[in-house]
Amino acid sequence: MMEKIQKKESLSNTTIIKNILGIHARPAAKIAEIVKNAKQSVWISNQNYKVDAGSIIDILSLGACQGTKVAVEVETPEDIVILKKLCNLIESRFGEEK
């Protein structure tokens with residue numbers, strides 16, 4: 001029996017850290033603030049590690065400097081809005097000028 005394939009929005013997105021200082025305390029706090037509204041876990045990963053995006057310490061442990069490729073992942077389609085907000089935040093250099 002064949003099943004109809006339903007097109008689902010991706011539950012992850014990859015982007016590049018653009019601001020000069022990378023993810024430091026202020027951006028990590030902004031990320032965690034957005035994630036606290038998620039229904040389920042949200043993850044940020046680089047080439048080596050995958051961390052809880054709701055934990056400032058875990059986010060800082062990535063050591064994500066300018067130019068680092070990071071993936072943001074949500075576990076449920078209900079959190080697609082969170083995924084989009086996080087990607088927009090990262091792509092806007094966390095509101096920093098450089």
# chains A, B, ... in the order shown; residues from 1 in each chain; ligands from 1
$ residues_around --residues "range 75-87 of chain A" --least-positions-apart "4" --cutoff "8 Å" --atoms "only C-alpha atoms" --output "list in words"
Glu9, Leu11, Ser12, Asn13, Thr15, Ile31, Ile34, Val35, Asn37, Ala38, Lys39, Gln40, Ser41, Val42 and Glu91 of chain A
$ residues_around --residues "Asp52 in chain A" --least-positions-apart "3" --cutoff "9 Å" --atoms "only C-alpha atoms" --output "ChimeraX atom specification"
/A:41-45,55-56,58-59
$ write_last_selection --atoms "N, CA and C atoms" --output "short mmCIF file (atom, residue, chain, number, x, y, z; two decimals), in the first residue's frame"
data_model
loop_
_atom_site.label_atom_id
_atom_site.label_comp_id
_atom_site.auth_asym_id
_atom_site.auth_seq_id
_atom_site.Cartn_x
_atom_site.Cartn_y
_atom_site.Cartn_z
N SER A 41 12.57 20.09 23.48
CA SER A 41 13.98 20.48 23.44
C SER A 41 14.36 21.15 22.12
N VAL A 42 15.30 22.08 22.25
CA VAL A 42 15.89 22.77 21.10
C VAL A 42 17.39 22.59 21.22
N TRP A 43 18.03 22.31 20.11
CA TRP A 43 19.46 22.00 20.11
C TRP A 43 20.22 22.93 19.17
N ILE A 44 21.46 23.23 19.54
CA ILE A 44 22.39 23.93 18.64
C ILE A 44 23.62 23.06 18.55
N SER A 45 24.12 22.90 17.34
CA SER A 45 25.32 22.07 17.17
C SER A 45 26.28 22.71 16.19
N SER A 55 20.30 26.26 27.62
CA SER A 55 21.32 26.41 28.66
C SER A 55 22.43 27.35 28.19
N ILE A 56 22.56 28.48 28.86
CA ILE A 56 23.59 29.46 28.49
C ILE A 56 24.97 28.83 28.55
N ASP A 58 25.82 25.65 28.26
CA ASP A 58 26.00 24.71 27.16
C ASP A 58 26.26 25.44 25.85
N ILE A 59 25.52 26.50 25.60
CA ILE A 59 25.71 27.28 24.37
C ILE A 59 27.13 27.83 24.31
#
$ closest_residue --among "A:Ala25, A:Ile17, A:Val74, A:Ile90" --to "Ser61 in chain A" --atoms "only C-alpha atoms"
A:Ala25
$ closest_residue --among "A:Leu60, A:Lys18, A:Gly54, A:Ser10" --to "Ser92 in chain A" --atoms "only C-alpha atoms"
A:Lys18
$ select_by_dssp --residues "chain A" --states "helix (DSSP H, G or I)" --output "PyMOL selection string"
chain A and resi 25-35+56-61+77-91+93-95
$ write_last_selection --atoms "N, CA and C atoms" --output "short mmCIF file (atom, residue, chain, number, x, y, z; two decimals), in the first residue's frame"
data_model
loop_
_atom_site.label_atom_id
_atom_site.label_comp_id
_atom_site.auth_asym_id
_atom_site.auth_seq_id
_atom_site.Cartn_x
_atom_site.Cartn_y
_atom_site.Cartn_z
N ALA A 25 28.31 35.68 26.03
CA ALA A 25 27.26 35.62 27.05
C ALA A 25 25.95 36.29 26.63
N ARG A 26 26.03 37.47 26.05
CA ARG A 26 24.80 38.18 25.68
C ARG A 26 23.99 37.42 24.61
N PRO A 27 24.63 37.00 23.50
CA PRO A 27 23.88 36.21 22.53
C PRO A 27 23.36 34.88 23.11
N ALA A 28 24.16 34.24 23.94
CA ALA A 28 23.71 32.98 24.55
C ALA A 28 22.46 33.20 25.40
N ALA A 29 22.42 34.31 26.12
CA ALA A 29 21.24 34.64 26.93
C ALA A 29 20.03 34.91 26.04
N LYS A 30 20.24 35.58 24.90
CA LYS A 30 19.14 35.85 23.97
C LYS A 30 18.59 34.54 23.40
N ILE A 31 19.48 33.61 23.07
CA ILE A 31 19.06 32.31 22.55
C ILE A 31 18.24 31.58 23.60
N ALA A 32 18.76 31.50 24.82
CA ALA A 32 18.06 30.78 25.90
C ALA A 32 16.71 31.41 26.19
N GLU A 33 16.61 32.73 26.09
CA GLU A 33 15.34 33.42 26.33
C GLU A 33 14.28 33.00 25.31
N ILE A 34 14.67 32.88 24.06
CA ILE A 34 13.73 32.45 23.02
C ILE A 34 13.33 30.99 23.25
N VAL A 35 14.31 30.16 23.59
CA VAL A 35 14.08 28.73 23.73
C VAL A 35 13.16 28.39 24.90
N ILE A 56 22.56 28.48 28.86
CA ILE A 56 23.59 29.46 28.49
C ILE A 56 24.97 28.83 28.55
N ILE A 57 25.25 28.07 29.60
CA ILE A 57 26.56 27.43 29.75
C ILE A 57 26.82 26.45 28.61
N ASP A 58 25.82 25.65 28.26
CA ASP A 58 26.00 24.71 27.16
C ASP A 58 26.26 25.44 25.85
N ILE A 59 25.52 26.50 25.60
CA ILE A 59 25.71 27.28 24.37
C ILE A 59 27.13 27.83 24.31
N LEU A 60 27.60 28.40 25.42
CA LEU A 60 28.96 28.95 25.47
C LEU A 60 30.01 27.88 25.23
N SER A 61 29.72 26.64 25.66
CA SER A 61 30.69 25.55 25.52
C SER A 61 30.94 25.18 24.06
N PRO A 77 7.20 19.97 15.26
CA PRO A 77 6.75 21.01 14.34
C PRO A 77 6.12 22.21 15.05
N GLU A 78 5.63 22.01 16.25
CA GLU A 78 5.05 23.12 17.01
C GLU A 78 6.08 24.20 17.31
N ASP A 79 7.36 23.83 17.26
CA ASP A 79 8.43 24.78 17.59
C ASP A 79 9.12 25.38 16.36
N ILE A 80 8.51 25.25 15.19
CA ILE A 80 9.08 25.85 13.98
C ILE A 80 9.26 27.36 14.16
N VAL A 81 8.34 28.00 14.84
CA VAL A 81 8.46 29.44 15.09
C VAL A 81 9.73 29.74 15.89
N ILE A 82 10.02 28.90 16.87
CA ILE A 82 11.25 29.06 17.67
C ILE A 82 12.47 28.91 16.77
N LEU A 83 12.46 27.89 15.91
CA LEU A 83 13.56 27.67 14.98
C LEU A 83 13.79 28.91 14.12
N LYS A 84 12.73 29.46 13.58
CA LYS A 84 12.85 30.64 12.72
C LYS A 84 13.36 31.85 13.49
N LYS A 85 12.86 32.04 14.72
CA LYS A 85 13.33 33.16 15.54
C LYS A 85 14.83 33.03 15.84
N LEU A 86 15.27 31.83 16.16
CA LEU A 86 16.69 31.62 16.47
C LEU A 86 17.55 31.87 15.24
N CYS A 87 17.14 31.37 14.11
CA CYS A 87 17.92 31.58 12.88
C CYS A 87 17.96 33.05 12.50
N ASN A 88 16.84 33.75 12.65
CA ASN A 88 16.83 35.20 12.39
C ASN A 88 17.75 35.93 13.34
N LEU A 89 17.75 35.54 14.61
CA LEU A 89 18.63 36.16 15.61
C LEU A 89 20.09 35.98 15.23
N ILE A 90 20.46 34.76 14.87
CA ILE A 90 21.85 34.47 14.50
C ILE A 90 22.23 35.24 13.24
N GLU A 91 21.36 35.21 12.24
CA GLU A 91 21.66 35.87 10.98
C GLU A 91 21.71 37.39 11.11
N ARG A 93 23.20 38.86 13.47
CA ARG A 93 24.38 39.09 14.30
C ARG A 93 23.99 39.41 15.75
N PHE A 94 22.88 38.83 16.21
CA PHE A 94 22.40 39.01 17.59
C PHE A 94 22.14 40.47 17.92
N GLY A 95 21.89 41.29 16.89
CA GLY A 95 21.63 42.70 17.09
C GLY A 95 22.89 43.52 17.28
#
$ atom_distance --atom1 "CA of Ile20 in chain A" --atom2 "CA of Lys98 in chain A"
5.8 Å
$ atom_distance --atom1 "CA of Glu73 in chain A" --atom2 "CA of Lys50 in chain A"
9.6 Å
$ closest_residue --among "A:Thr68, A:Leu62, A:Asn46, A:Glu96" --to "Ile16 in chain A" --atoms "only C-alpha atoms"
A:Thr68
$ select_by_dssp --residues "chain A" --states "strand (DSSP E)" --output "ChimeraX atom specification"
/A:12-16,42-45,50-52,69-74
$ atom_distance --atom1 "CA of Lys36 in chain A" --atom2 "CA of Cys65 in chain A"
23.6 Å
